[in-house]
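Data from input-v8.pdb: PDB, C-alpha atoms
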```pdb
ATOM      1  CA  MET T   1      62.423   1.070  32.157
ATOM      2  CA  ASN T   2      63.499   2.172  35.606
ATOM      3  CA  LYS T   3      66.805   0.531  36.624
ATOM      4  CA  ALA T   4      65.408   0.133  40.123
ATOM      5  CA  ILE T   5      63.153  -2.563  38.682
ATOM      6  CA  VAL T   6      66.126  -4.434  37.220
ATOM      7  CA  ASN T   7      67.898  -4.355  40.577
ATOM      8  CA  GLN T   8      64.920  -6.083  42.168
ATOM      9  CA  PHE T   9      65.581  -9.206  40.118
ATOM     10  CA  SER T  10      69.225  -9.801  41.008
ATOM     11  CA  THR T  11      68.360 -11.366  44.360
ATOM     12  CA  PHE T  12      66.059 -14.107  43.044
ATOM     13  CA  LEU T  13      66.864 -14.790  39.366
ATOM     14  CA  LYS T  14      70.060 -16.787  39.785
ATOM     15  CA  LYS T  15      69.915 -19.024  36.702
ATOM     16  CA  ASP T  16      68.689 -18.721  33.148
ATOM     17  CA  GLY T  17      65.205 -20.009  32.440
ATOM     18  CA  PHE T  18      61.544 -19.495  33.242
ATOM     19  CA  TYR T  19      60.381 -18.821  36.800
ATOM     20  CA  ASN T  20      56.890 -19.378  38.154
ATOM     21  CA  THR T  21      55.727 -16.834  40.719
ATOM     22  CA  PHE T  22      53.126 -16.750  43.475
ATOM     23  CA  ILE T  23      50.749 -15.188  40.925
ATOM     24  CA  ASP T  24      49.776 -17.929  38.473
ATOM     25  CA  ALA T  25      49.408 -15.525  35.547
ATOM     26  CA  VAL T  26      52.923 -14.105  35.962
ATOM     27  CA  LYS T  27      56.182 -15.739  34.896
ATOM     28  CA  LEU T  28      59.708 -14.347  34.730
ATOM     29  CA  LEU T  29      62.417 -15.175  32.202
ATOM     30  CA  LYS T  30      66.174 -14.646  32.375
ATOM     31  CA  ILE T  31      68.504 -15.164  29.388
ATOM     32  CA  SER T  32      72.251 -14.513  29.765
ATOM     33  CA  LYS T  33      73.487 -15.290  26.267
ATOM     34  CA  PRO T  34      72.472 -14.389  22.720
ATOM     35  CA  MET T  35      69.830 -16.639  21.193
ATOM     36  CA  VAL T  36      69.574 -17.184  17.457
ATOM     37  CA  LEU T  37      66.273 -16.824  15.643
ATOM     38  CA  SER T  38      64.217 -19.894  16.562
ATOM     39  CA  PRO T  39      60.535 -20.947  16.480
ATOM     40  CA  CYS T  40      58.360 -20.489  19.549
ATOM     41  CA  LEU T  41      54.693 -20.178  20.433
ATOM     42  CA  TYR T  42      53.308 -17.043  22.068
ATOM     43  CA  ASP T  43      50.027 -17.696  23.827
ATOM     44  CA  ASN T  44      47.813 -14.727  24.781
ATOM     45  CA  TRP T  45      50.571 -12.886  26.615
ATOM     46  CA  ILE T  46      51.714  -9.407  27.487
ATOM     47  CA  VAL T  47      55.523  -9.390  27.643
ATOM     48  CA  PHE T  48      57.644  -6.731  29.328
ATOM     49  CA  THR T  49      61.428  -6.591  29.034
ATOM     50  CA  PHE T  50      63.268  -4.814  31.851
ATOM     51  CA  GLN T  51      66.737  -5.124  30.382
ATOM     52  CA  ASN T  52      68.010  -5.780  26.868
ATOM     53  CA  SER T  53      65.662  -6.423  23.929
ATOM     54  CA  LYS T  54      64.023  -9.190  21.956
ATOM     55  CA  THR T  55      63.003  -9.462  18.318
ATOM     56  CA  VAL T  56      60.097 -11.557  17.083
ATOM     57  CA  LYS T  57      59.218 -12.376  13.502
ATOM     58  CA  LEU T  58      55.725 -13.193  12.352
ATOM     59  CA  ASN T  59      56.594 -14.502   8.896
ATOM     60  CA  ASN T  60      57.900 -11.333   7.196
ATOM     61  CA  HIS T  61      56.645  -8.970   9.898
ATOM     62  CA  THR T  62      59.259  -8.024  12.535
ATOM     63  CA  LEU T  63      58.590  -6.526  15.972
ATOM     64  CA  GLU T  64      61.089  -5.511  18.655
ATOM     65  CA  TYR T  65      60.316  -4.908  22.297
ATOM     66  CA  ASN T  66      62.645  -3.531  24.948
ATOM     67  CA  GLU T  67      62.659  -1.373  28.089
ATOM     68  CA  SER T  68      60.546   1.308  26.387
ATOM     69  CA  ASN T  69      57.770  -0.809  24.910
ATOM     70  CA  TYR T  70      55.981  -4.103  25.462
ATOM     71  CA  LEU T  71      54.592  -6.868  23.280
ATOM     72  CA  VAL T  72      50.966  -7.979  23.241
ATOM     73  CA  ALA T  73      50.350 -11.385  21.653
ATOM     74  CA  SER T  74      46.575 -11.489  21.898
ATOM     75  CA  SER T  75      46.215 -14.600  19.758
ATOM     76  CA  LYS T  76      47.982 -17.965  19.847
ATOM     77  CA  LEU T  77      50.726 -17.412  17.293
ATOM     78  CA  PRO T  78      53.779 -19.345  16.092
ATOM     79  CA  LEU T  79      56.605 -16.815  15.994
ATOM     80  CA  GLU T  80      60.359 -16.813  15.632
ATOM     81  CA  SER T  81      62.299 -14.951  18.311
ATOM     82  CA  GLN T  82      65.882 -13.957  18.948
ATOM     83  CA  THR T  83      67.939 -12.137  21.576
ATOM     84  CA  ASP T  84      71.091 -10.571  20.139
ATOM     85  CA  PHE T  85      72.804  -8.799  23.010
ATOM     86  CA  ALA T  86      72.084 -10.721  26.207
ATOM     87  CA  SER T  87      75.161 -11.399  28.356
ATOM     88  CA  GLU T  88      76.120 -12.410  31.896
ATOM     89  CA  ALA T  89      76.709  -8.733  32.697
ATOM     90  CA  GLU T  90      73.421  -7.588  31.152
ATOM     91  CA  PRO T  91      70.992 -10.508  30.829
ATOM     92  CA  MET T  92      67.626 -10.136  29.187
ATOM     93  CA  ILE T  93      64.991 -10.107  31.928
ATOM     94  CA  SER T  94      61.319 -10.343  31.027
ATOM     95  CA  MET T  95      57.942 -10.650  32.685
ATOM     96  CA  ILE T  96      55.305 -12.710  30.864
ATOM     97  CA  ILE T  97      51.707 -12.095  31.876
ATOM     98  CA  SER T  98      48.855 -14.299  30.685
ATOM     99  CA  ILE T  99      45.917 -12.274  29.417
ATOM    100  CA  ASP T 100      42.774 -12.813  31.485
ATOM    101  CA  SER T 101      40.030 -12.736  28.846
ATOM    102  CA  ASN T 102      37.232 -12.359  31.390
ATOM    103  CA  GLU T 103      38.941  -9.392  33.036
ATOM    104  CA  ILE T 104      39.659  -7.729  29.674
ATOM    105  CA  HIS T 105      36.050  -8.245  28.594
ATOM    106  CA  GLN T 106      34.732  -6.724  31.819
ATOM    107  CA  LEU T 107      37.032  -3.710  31.512
ATOM    108  CA  ILE T 108      35.973  -3.106  27.917
ATOM    109  CA  GLN T 109      32.344  -3.018  29.039
ATOM    110  CA  GLU T 110      33.265  -0.256  31.485
ATOM    111  CA  LEU T 111      35.283   1.773  28.980
ATOM    112  CA  SER T 112      34.150   4.033  26.177
ATOM    113  CA  PRO T 113      36.314   3.159  23.150
ATOM    114  CA  GLU T 114      37.619   6.231  21.359
ATOM    115  CA  PHE T 115      37.400   4.539  17.978
ATOM    116  CA  SER T 116      34.714   2.820  15.969
ATOM    117  CA  LEU T 117      34.417  -0.937  16.121
ATOM    118  CA  GLN T 118      32.966  -0.676  12.632
ATOM    119  CA  ASP T 119      36.472  -0.111  11.278
ATOM    120  CA  LYS T 120      36.704  -2.527   8.354
ATOM    121  CA  ASP T 121      40.479  -2.994   8.485
ATOM    122  CA  THR T 122      41.517  -6.360   9.924
ATOM    123  CA  LEU T 123      44.189  -5.882  12.564
ATOM    124  CA  GLN T 124      47.157  -8.096  13.329
ATOM    125  CA  GLY T 125      46.936 -10.083  16.562
ATOM    126  CA  THR T 126      50.408  -9.122  17.799
ATOM    127  CA  PHE T 127      51.507  -5.555  18.433
ATOM    128  CA  VAL T 128      53.851  -3.422  20.545
ATOM    129  CA  ASP T 129      52.911  -0.429  22.667
ATOM    130  CA  ARG T 130      54.694   2.157  24.801
ATOM    131  CA  VAL T 131      55.551   1.640  28.479
ATOM    132  CA  THR T 132      53.972   4.655  30.153
ATOM    133  CA  PRO T 133      54.957   5.974  33.598
ATOM    134  CA  GLU T 134      51.675   4.531  34.923
ATOM    135  CA  ILE T 135      52.527   1.057  33.585
ATOM    136  CA  GLU T 136      56.062   1.267  34.951
ATOM    137  CA  ASN T 137      54.663   2.090  38.378
ATOM    138  CA  ILE T 138      52.336  -0.927  38.275
ATOM    139  CA  LEU T 139      55.188  -3.211  37.246
ATOM    140  CA  TYR T 140      57.327  -2.037  40.147
ATOM    141  CA  ARG T 141      54.491  -2.769  42.592
ATOM    142  CA  LEU T 142      53.848  -6.133  40.914
ATOM    143  CA  ILE T 143      57.485  -7.136  41.354
ATOM    144  CA  GLU T 144      57.293  -6.196  45.034
ATOM    145  CA  ALA T 145      54.131  -8.293  45.390
ATOM    146  CA  ILE T 146      55.476 -11.487  43.796
ATOM    147  CA  LYS T 147      58.199 -11.707  46.432
ATOM    148  CA  SER T 148      55.519 -12.572  48.976
ATOM    149  CA  LYS T 149      52.937 -15.314  48.806
ATOM    150  CA  GLU T 150      50.620 -13.284  51.027
ATOM    151  CA  GLU T 151      50.948 -10.063  49.010
ATOM    152  CA  SER T 152      50.524 -11.982  45.757
ATOM    153  CA  LYS T 153      47.292 -13.504  47.031
ATOM    154  CA  ILE T 154      45.872 -10.230  48.361
ATOM    155  CA  LEU T 155      47.172  -7.714  45.778
ATOM    156  CA  GLY T 156      47.851  -9.761  42.664
ATOM    157  CA  LYS T 157      44.395  -9.669  41.106
ATOM    158  CA  SER T 158      43.924  -5.924  41.585
ATOM    159  CA  LEU T 159      47.405  -5.150  40.229
ATOM    160  CA  LEU T 160      46.774  -7.213  37.097
ATOM    161  CA  ARG T 161      43.387  -5.550  36.602
ATOM    162  CA  GLU T 162      45.061  -2.143  36.822
ATOM    163  CA  LEU T 163      47.700  -3.251  34.340
ATOM    164  CA  PHE T 164      45.118  -4.595  31.862
ATOM    165  CA  TYR T 165      43.284  -1.267  32.102
ATOM    166  CA  ARG T 166      46.463   0.635  31.191
ATOM    167  CA  VAL T 167      47.163  -1.748  28.299
ATOM    168  CA  LEU T 168      43.617  -1.181  26.992
ATOM    169  CA  LYS T 169      44.301   2.557  27.103
ATOM    170  CA  GLY T 170      47.429   2.070  24.983
ATOM    171  CA  GLU T 171      47.844   3.714  21.595
ATOM    172  CA  ASN T 172      47.773   0.422  19.658
ATOM    173  CA  SER T 173      45.193  -1.558  21.645
ATOM    174  CA  LYS T 174      42.426  -1.449  19.034
ATOM    175  CA  PHE T 175      42.828  -5.176  18.294
ATOM    176  CA  LEU T 176      41.882  -6.074  21.869
ATOM    177  CA  TYR T 177      38.595  -4.186  21.584
ATOM    178  CA  LYS T 178      37.734  -5.809  18.274
ATOM    179  CA  LEU T 179      38.702  -9.218  19.651
ATOM    180  CA  PHE T 180      35.878  -8.988  22.181
ATOM    181  CA  ASP T 181      33.288  -7.832  19.659
ATOM    182  CA  GLN T 182      31.937 -11.331  18.988
ATOM    183  CA  SER T 183      30.788 -10.490  15.449
ATOM    184  CA  SER T 184      34.128  -9.043  14.334
ATOM    185  CA  LYS T 185      36.488 -10.859  11.982
ATOM    186  CA  GLU T 186      39.142 -10.729  14.714
ATOM    187  CA  ALA T 187      36.900 -12.577  17.165
ATOM    188  CA  LYS T 188      35.920 -15.155  14.554
ATOM    189  CA  ILE T 189      39.542 -15.928  13.704
ATOM    190  CA  ALA T 190      40.446 -16.043  17.405
ATOM    191  CA  ARG T 191      37.756 -18.688  17.940
ATOM    192  CA  THR T 192      39.163 -20.618  14.975
ATOM    193  CA  LEU T 193      42.659 -20.508  16.476
ATOM    194  CA  GLN T 194      41.291 -21.996  19.691
ATOM    195  CA  THR T 195      39.571 -24.745  17.676
ATOM    196  CA  ILE T 196      42.853 -25.551  15.948
ATOM    197  CA  HIS T 197      44.671 -25.719  19.288
ATOM    198  CA  ASN T 198      42.037 -28.060  20.684
ATOM    199  CA  ASP T 199      41.870 -30.317  17.612
ATOM    200  CA  PHE T 200      45.299 -29.960  15.972
ATOM    201  CA  ALA T 201      45.826 -33.732  15.811
ATOM    202  CA  ASN T 202      42.642 -34.263  13.774
ATOM    203  CA  ASP T 203      41.951 -33.581  10.117
ATOM    204  CA  LEU T 204      41.043 -29.913   9.942
ATOM    205  CA  ASP T 205      39.058 -28.911   6.897
ATOM    206  CA  ILE T 206      39.454 -25.227   6.012
ATOM    207  CA  GLU T 207      36.015 -25.002   4.430
ATOM    208  CA  SER T 208      34.403 -26.371   7.592
ATOM    209  CA  LEU T 209      36.358 -23.954   9.789
ATOM    210  CA  ALA T 210      35.188 -21.042   7.618
ATOM    211  CA  ARG T 211      31.589 -22.244   7.563
ATOM    212  CA  LYS T 212      31.557 -22.576  11.347
ATOM    213  CA  GLU T 213      32.190 -18.812  11.584
ATOM    214  CA  ASP T 214      29.759 -17.984   8.771
ATOM    215  CA  MET T 215      32.554 -16.846   6.443
ATOM    216  CA  SER T 216      33.337 -17.636   2.837
ATOM    217  CA  VAL T 217      36.575 -19.543   2.272
ATOM    218  CA  ALA T 218      38.117 -16.568   0.450
ATOM    219  CA  SER T 219      37.209 -14.139   3.238
ATOM    220  CA  PHE T 220      38.352 -16.619   5.892
ATOM    221  CA  HIS T 221      41.763 -17.018   4.205
ATOM    222  CA  ALA T 222      42.231 -13.262   3.824
ATOM    223  CA  HIS T 223      41.341 -12.344   7.408
ATOM    224  CA  PHE T 224      43.205 -15.337   8.855
ATOM    225  CA  LYS T 225      46.403 -14.249   7.107
ATOM    226  CA  ASN T 226      45.974 -10.585   8.069
ATOM    227  CA  ILE T 227      45.661 -11.493  11.745
ATOM    228  CA  THR T 228      48.188 -14.318  12.043
ATOM    229  CA  ALA T 229      50.529 -13.585   9.078
ATOM    230  CA  HIS T 230      50.073 -17.263   8.111
ATOM    231  CA  SER T 231      47.748 -19.130   5.805
ATOM    232  CA  PRO T 232      45.490 -21.580   7.694
ATOM    233  CA  LEU T 233      47.521 -24.569   6.476
ATOM    234  CA  GLN T 234      50.840 -22.929   7.446
ATOM    235  CA  TYR T 235      49.447 -22.150  10.856
ATOM    236  CA  ILE T 236      48.147 -25.681  11.458
ATOM    237  CA  LYS T 237      51.486 -27.214  10.439
ATOM    238  CA  LYS T 238      53.500 -24.942  12.734
ATOM    239  CA  ILE T 239      51.174 -25.616  15.659
ATOM    240  CA  ARG T 240      51.499 -29.377  15.162
ATOM    241  CA  LEU T 241      55.299 -29.184  15.000
ATOM    242  CA  THR T 242      55.501 -26.920  18.042
ATOM    243  CA  LYS T 243      53.226 -29.243  20.005
ATOM    244  CA  ALA T 244      55.431 -32.157  18.932
ATOM    245  CA  ARG T 245      58.542 -30.442  20.270
ATOM    246  CA  ASP T 246      56.777 -29.676  23.556
ATOM    247  CA  LEU T 247      55.684 -33.299  23.939
ATOM    248  CA  MET T 248      59.235 -34.542  23.419
ATOM    249  CA  ILE T 249      60.593 -32.032  25.932
ATOM    250  CA  GLN T 250      57.936 -32.332  28.602
ATOM    251  CA  GLU T 251      56.775 -35.941  28.316
ATOM    252  CA  LYS T 252      59.945 -37.530  26.883
ATOM    253  CA  LEU T 253      57.933 -39.286  24.168
ATOM    254  CA  LYS T 254      59.584 -41.091  21.250
ATOM    255  CA  VAL T 255      59.530 -39.646  17.752
ATOM    256  CA  ASN T 256      56.989 -42.108  16.342
ATOM    257  CA  GLU T 257      54.677 -41.620  19.346
ATOM    258  CA  VAL T 258      54.816 -37.852  18.985
ATOM    259  CA  ALA T 259      54.229 -37.896  15.221
ATOM    260  CA  ILE T 260      51.006 -39.859  15.652
ATOM    261  CA  LYS T 261      49.863 -37.710  18.570
ATOM    262  CA  VAL T 262      50.111 -34.489  16.529
ATOM    263  CA  GLY T 263      48.397 -35.882  13.432
ATOM    264  CA  TYR T 264      51.154 -37.297  11.202
ATOM    265  CA  ASP T 265      50.812 -40.870   9.924
ATOM    266  CA  ASN T 266      54.099 -40.759   7.981
ATOM    267  CA  ILE T 267      57.062 -40.634  10.386
ATOM    268  CA  SER T 268      59.598 -39.723   7.687
ATOM    269  CA  HIS T 269      57.464 -36.840   6.479
ATOM    270  CA  PHE T 270      57.076 -35.624  10.062
ATOM    271  CA  SER T 271      60.846 -35.782  10.663
ATOM    272  CA  ARG T 272      61.617 -33.832   7.480
ATOM    273  CA  GLU T 273      59.131 -31.065   8.298
ATOM    274  CA  PHE T 274      60.304 -30.913  11.911
ATOM    275  CA  LYS T 275      63.956 -30.484  10.890
ATOM    276  CA  LYS T 276      63.073 -27.884   8.259
ATOM    277  CA  TYR T 277      61.176 -25.830  10.826
ATOM    278  CA  PHE T 278      63.422 -26.125  13.886
ATOM    279  CA  GLY T 279      66.805 -26.714  12.255
ATOM    280  CA  PHE T 280      67.411 -29.995  14.074
ATOM    281  CA  SER T 281      65.908 -33.464  13.869
ATOM    282  CA  PRO T 282      63.275 -34.723  16.350
ATOM    283  CA  LYS T 283      65.732 -37.166  17.904
ATOM    284  CA  ASP T 284      68.090 -34.281  18.708
ATOM    285  CA  THR T 285      65.438 -32.340  20.571
ATOM    286  CA  LYS T 286      66.512 -31.371  24.064
ATOM    287  CA  ALA T 287      64.849 -29.407  26.834
ATOM    288  CA  SER T 288      64.804 -25.784  25.665
ATOM    289  CA  TYR T 289      64.322 -24.247  29.076
ATOM    290  CA  GLU T 290      64.379 -24.952  32.749
ATOM    291  CA  GLU T 291      61.529 -23.876  34.984
ATOM    292  CA  TYR T 292      61.834 -22.719  38.575
ATOM    293  CA  THR T 293      59.497 -21.517  41.303
ATOM    294  CA  LEU T 294      60.263 -18.429  43.396
ATOM    295  CA  GLU T 295      60.519 -19.271  47.061
TER     296      GLU T 295
END
```

Give the structure from the file, written as structure tokens.
Amino acid sequence: MNKAIVNQFSTFLKKDGFYNTFIDAVKLLKISKPMVLSPCLYDNWIVFTFQNSKTVKLNNHTLEYNESNYLVASSKLPLESQTDFASEAEPMISMIISIDSNEIHQLIQELSPEFSLQDKDTLQGTFVDRVTPEIENILYRLIEAIKSKEESKILGKSLLRELFYRVLKGENSKFLYKLFDQSSKEAKIARTLQTIHNDFANDLDIESLARKEDMSVASFHAHFKNITAHSPLQYIKKIRLTKARDLMIQEKLKVNEVAIKVGYDNISHFSREFKKYFGFSPKDTKASYEEYTLE
């Protein structure tokens, strides 16, 4: 990635943490120290790293993204991530862009896919692709735009549309096309993931989830695991625990309140599973990031 882009950040990323920008779909992240492998939730994002690198694990599947490639998390997925080499001298600097499903769908209608949507292989919902010169150019212009509220308002939408187009033209973007073919297994599982996120605190019956998408339980399990690298029950548990952590951080709720809110009726069981997943007990949960707004 062009070092000129990195230099753009030094004037307005003073502290570590997440930064909102004048474009709602765009956030920035600065990390100045190594971070051990820890659970996190990626939510329909495209992530670019301008300096340093980051590793994410999807169960036993490992992906790394850096200055030369970017990560597309086109489904809501519980991952584990780590940053090994970030430092004060060379912090990890990333841009996180929320995927606009309507814009992607419209672009796909205007494109002629170079592959068959009848491909029977189920694709994983997270992948990396190469930063092309065209993408790098868009990112540079996007960074210039987010410095100004006026430019963000006038240019932001068109810049993101151009970026989504280039991502769709990427070598590994087949999943995105299949995701918007409503009859595909990828689309069916994506709808199920949204159902789980909406109803995670309720009893979720796997057979009912499969039936809703007109799939057998065996087929549902197989495609769910291929796309998310988790079984449905593993996925539901990790979503509940991640939501619990977020509630404690953002709303300062007590452990027993959080456990009930995310669907646990046994507080001890909740605490054991929480500690096993995050490595610390619910009562030791602290804010994991600070959030700022560019001015």

- Message: Going by the chain IDs and residue numbers used in this file, which residues fall under the PyMOL selection byres ((chain T and resi 234-250) around 8)? Write them as a ChimeraX atom specification.
- Response: /T:39-41,78,196-197,200-201,230-233,251-255,258-259,261-263,273-274,277,282,285-288

If you apply the PyMOL selection byres ((chain T and resi 61) around 12) to this file, what residues do you get, as a PDB file with C-alpha atoms, in the frame of the given file?
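And here's part.pdb as it stands now:
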```
ATOM      1  CA  THR T  55      63.003  -9.462  18.318  1.00  0.00           C
ATOM      2  CA  VAL T  56      60.097 -11.557  17.083  1.00  0.00           C
ATOM      3  CA  LYS T  57      59.218 -12.376  13.502  1.00  0.00           C
ATOM      4  CA  LEU T  58      55.725 -13.193  12.352  1.00  0.00           C
ATOM      5  CA  ASN T  59      56.594 -14.502   8.896  1.00  0.00           C
ATOM      6  CA  ASN T  60      57.900 -11.333   7.196  1.00  0.00           C
ATOM      7  CA  THR T  62      59.259  -8.024  12.535  1.00  0.00           C
ATOM      8  CA  LEU T  63      58.590  -6.526  15.972  1.00  0.00           C
ATOM      9  CA  GLU T  64      61.089  -5.511  18.655  1.00  0.00           C
ATOM     10  CA  LEU T  79      56.605 -16.815  15.994  1.00  0.00           C
ATOM     11  CA  GLU T  80      60.359 -16.813  15.632  1.00  0.00           C
ATOM     12  CA  SER T  81      62.299 -14.951  18.311  1.00  0.00           C
ATOM     13  CA  GLN T 124      47.157  -8.096  13.329  1.00  0.00           C
ATOM     14  CA  GLY T 125      46.936 -10.083  16.562  1.00  0.00           C
ATOM     15  CA  THR T 126      50.408  -9.122  17.799  1.00  0.00           C
ATOM     16  CA  PHE T 127      51.507  -5.555  18.433  1.00  0.00           C
ATOM     17  CA  LYS T 225      46.403 -14.249   7.107  1.00  0.00           C
ATOM     18  CA  ASN T 226      45.974 -10.585   8.069  1.00  0.00           C
ATOM     19  CA  ILE T 227      45.661 -11.493  11.745  1.00  0.00           C
ATOM     20  CA  THR T 228      48.188 -14.318  12.043  1.00  0.00           C
ATOM     21  CA  ALA T 229      50.529 -13.585   9.078  1.00  0.00           C
ATOM     22  CA  HIS T 230      50.073 -17.263   8.111  1.00  0.00           C
TER      23      HIS T 230
END
```

- Item | Separation of CA of Asn69 (chain T) from CA of Glu171 (chain T), in Å and rounded to one decimal |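 These two atoms are separated by 11.4 Å.
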
Could you give me, as a Markdown table, a per-residue list for region 92-146 of chain T showing, wherever an atom lies at most 12 Å from an atom of region 83-87 of chain T, the closest pair of atoms and their distance in Å to one decimal, using all atoms listed in the file and sorting by chain then residue number from low to high?
```
| residue | atom | partner | partner_atom | distance |
| --- | --- | --- | --- | --- |
| T:Met92 | CA | T:Ala86 | CA | 5.4 |
| T:Ile93 | CA | T:Ala86 | CA | 9.1 |
| T:Ser94 | CA | T:Thr83 | CA | 11.7 |
```

- Query: On this structure, which residues satisfy the PyMOL selection byres ((chain T and resi 105) around 12), written as an MDAnalysis selection string?
  - Reply: chainID T and resid 99:104 106:111 161 164:165 168 176:182

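Rounded to one decimal, CA of Glu257 (chain T) and CA of Thr195 (chain T) lie 22.7 Å from each other.
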
- From the set T:Phe280, T:Phe12, T:Phe48, T:Phe22, which residue has the shortest atom-to-atom contact distance to Lys149 (chain T), counting all atoms listed in the file? T:Phe22

- Message: List as a PyMOL selection string the protein and nucleic acid residues near Leu142 (chain T), meaning an atom at most 10 Å away when only C-alpha atoms are counted, but skip any in the same chain fewer than 5 places from it.
- Response: chain T and resi 23+26+136-137+147+151-152+155-156+158-160+163

- Message: One decimal, in Å: what's the spacing between CA of Lys212 (chain T) and CA of Ala73 (chain T)?
- Response: 24.2 Å

Could you write out as AutoDock Vina command-line options the box around region 128-143 of chain T (axis-aligned, all atoms listed in the file, 5 Å on each side), with centre and edge lengths in Å to one decimal?
```
--center_x 54.6 --center_y -0.6 --center_z 31.6 --size_x 15.8 --size_y 23.1 --size_z 32.0
```

- Task: Can you work out which one of T:Arg191, T:Thr11, T:Ser281, T:Ile5 has the shortest atom-to-atom distance to Ile138 (chain T), counting all atoms listed in the file?
- Result: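 When distances to Ile138 (chain T) are compared using all atoms listed in the file, the smallest one comes from T:Ile5.
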
- Message: With distances taken over all atoms listed in the file, which residue among T:Leu139, T:Ile260, T:Ile146, T:Leu193 lies nearest Asp24 (chain T)?
- Response: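 Ranking T:Leu139, T:Ile260, T:Ile146, T:Leu193 by distance to Asp24 (chain T), first place goes to T:Ile146.
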
- Item | Best match for closeness to Asp284 (chain T) among T:Lys54, T:Thr49, T:Ala187, T:Ser271, counting only C-alpha atoms | T:Ser271

- Task: Anything within 7 Å of (54.3, -10.1, 23.1): list those residues as a PyMOL selection string, counting only C-alpha atoms and sticking to the file's coordinates.
- Result: chain T and resi 45-47+70-73+126

With C-alpha atoms retained, could you export that selection as a PDB file, in the coordinates of the input?
```
ATOM      1  CA  TRP T  45      50.571 -12.886  26.615  1.00  0.00           C
ATOM      2  CA  ILE T  46      51.714  -9.407  27.487  1.00  0.00           C
ATOM      3  CA  VAL T  47      55.523  -9.390  27.643  1.00  0.00           C
ATOM      4  CA  TYR T  70      55.981  -4.103  25.462  1.00  0.00           C
ATOM      5  CA  LEU T  71      54.592  -6.868  23.280  1.00  0.00           C
ATOM      6  CA  VAL T  72      50.966  -7.979  23.241  1.00  0.00           C
ATOM      7  CA  ALA T  73      50.350 -11.385  21.653  1.00  0.00           C
ATOM      8  CA  THR T 126      50.408  -9.122  17.799  1.00  0.00           C
TER       9      THR T 126
END
```

- If we count all atoms listed in the file, what is near Ser208 (chain T) at a cut-off of 12 Å, once residues fewer than 4 positions away on the same chain are taken out, given as a ChimeraX atom specification? /T:192,195-196,203-204,212-217,220
